[in-house]
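What follows is a short report on a single structure.
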Amino acid sequence: MPALISCSEFDMDIDIPEGGSSSYGAYILNSGMMDSNNSKLAYFDLLGGTLTTNVFSTQNGRGLGDSANDILVYGSKMYIAVTGSAVVFITDLQGKLIDQVELLGETTKLAPRQLMSDGGKVYVSYREGYIASVDTATFAVTKAKVGPYPEGMACAGNKIYVAITDANNYPNVANTVQILNKSTLEVEKELEVAYNPQTFHKVSSEWMYLVCWGDYAANPAALQKINLKTDEVVTIEGIAPTSMTLGEQGYAYILSSEYDADFNQHISYYKYSLDKERAEEFVTEELVPNGYCIARDPLTGYILIGTSDYISTGDVYILSQKGELIHKFDTGALNPYKICFARTK
């Protein structure tokens, strides 16, 4: 059953632009546990301070599925990639199902991983080595073969950058970014990057950042930046990123999850100056334990961090850009993996 939880002490004090919606908030995609069919979608209203759990199942009378991996708001629709259930759901901004995309590979349905939008299309990467473009007006789908186990994507001009991980071949993960022609989806070039590339973060027409997770052994996680004019790849020393979100005024916020030789996890949070290429501590692990994902609200500038111990339902912490704790709430589900923002009414 859905839960609507009021947080009376919460006061965000947001001014919605004239002609805007009466509700604005954060969707939290909880991935659940693999093979447990318990992914869930929660919504936190940043105006009223209320949390609604089980949004997707409440709106549609069905569960979200197994191992949800990404969520994207684009225009008047929301897209949810559910890897284990091999489906991309397309909903309105209240989570009501409009359509769904299920693609067949050589023998089975393709498992979607990450989402990216550009020019009236939503792009989907698939574990089996494909990407697809979905027309957001007609829902027509075009797919193309790429390298093994692609993850994040980014558009720059007539180029699509795709992170190739070959994660099914672990521990021999890949260290490749493929560059596709946006019009044909054909691979035109490959770049050598750090191992296990994951997500792109475009900061200008010239540069974007790439988060690489490494192989959890000899090759550590790495933060790199790519020159979009020359495709030069530069490694930023001293940062081992897990999740990253771009801020304003030339800053990014980075969550770093590392394990020592005894497999003890250590979480760090950085505020990173893109201009000075210098990191400083944002918040401590004591204040926000078990960091799992990080996202910046574009309207308020607040930083939201989802946390997980893989056993209990996850929490989301709302922080100022100075690292001050504003609010905390329980999502009511396991493993809050992605956060996005929407005007829902």
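We label chains A, B, ... in the order they appear in the structure tokens, count residues from 1 in each chain, and number ligands from 1 in the order shown.
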
* Any idea what's packed within 8 Å of Ser85 of chain A, counting only C-alpha atoms, ignoring anything in its chain fewer than 6 positions away? Could you give it as a ChimeraX atom specification? -> /A:65-67,111

* **Contact residues around Val162 of chain A with only C-alpha atoms at 7 Å, ignoring same-chain residues under 2 positions, as a ChimeraX atom specification** => /A:150-154,160,164,177-179

* Residue nearest Gly75 of chain A - candidates A:Met208, A:Val146, A:Ala342, A:Leu29, atoms counted: only C-alpha atoms -> A:Ala342

* May I have the residues within 8 Å of Gln224 of chain A as an MDAnalysis selection string, using only C-alpha atoms and disregarding those fewer than 5 positions away in the same chain? => chainID A and resid 193:194 209:212 233:236

* For atom CA of Tyr302 of chain A and atom CA of Ser320 of chain A, determine how far apart the two atoms are, in Å to one decimal place. =>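 Straight-line distance from atom CA of Tyr302 of chain A to atom CA of Ser320 of chain A works out to 5.0 Å.
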
* Asked: Got a sec to tell me which of segment 267-325 of chain A DSSP assigns to strand (DSSP E or B), as an MDAnalysis selection string?
  -> chainID A and resid 267:273 278:281 291:296 303:307 315:319 325

* Asked: Which residue out of A:Tyr43, A:Tyr310, A:Trp207, A:Phe200 has the minimum interatomic distance to Tyr161 of chain A when only C-alpha atoms are used?
  -> A:Phe200
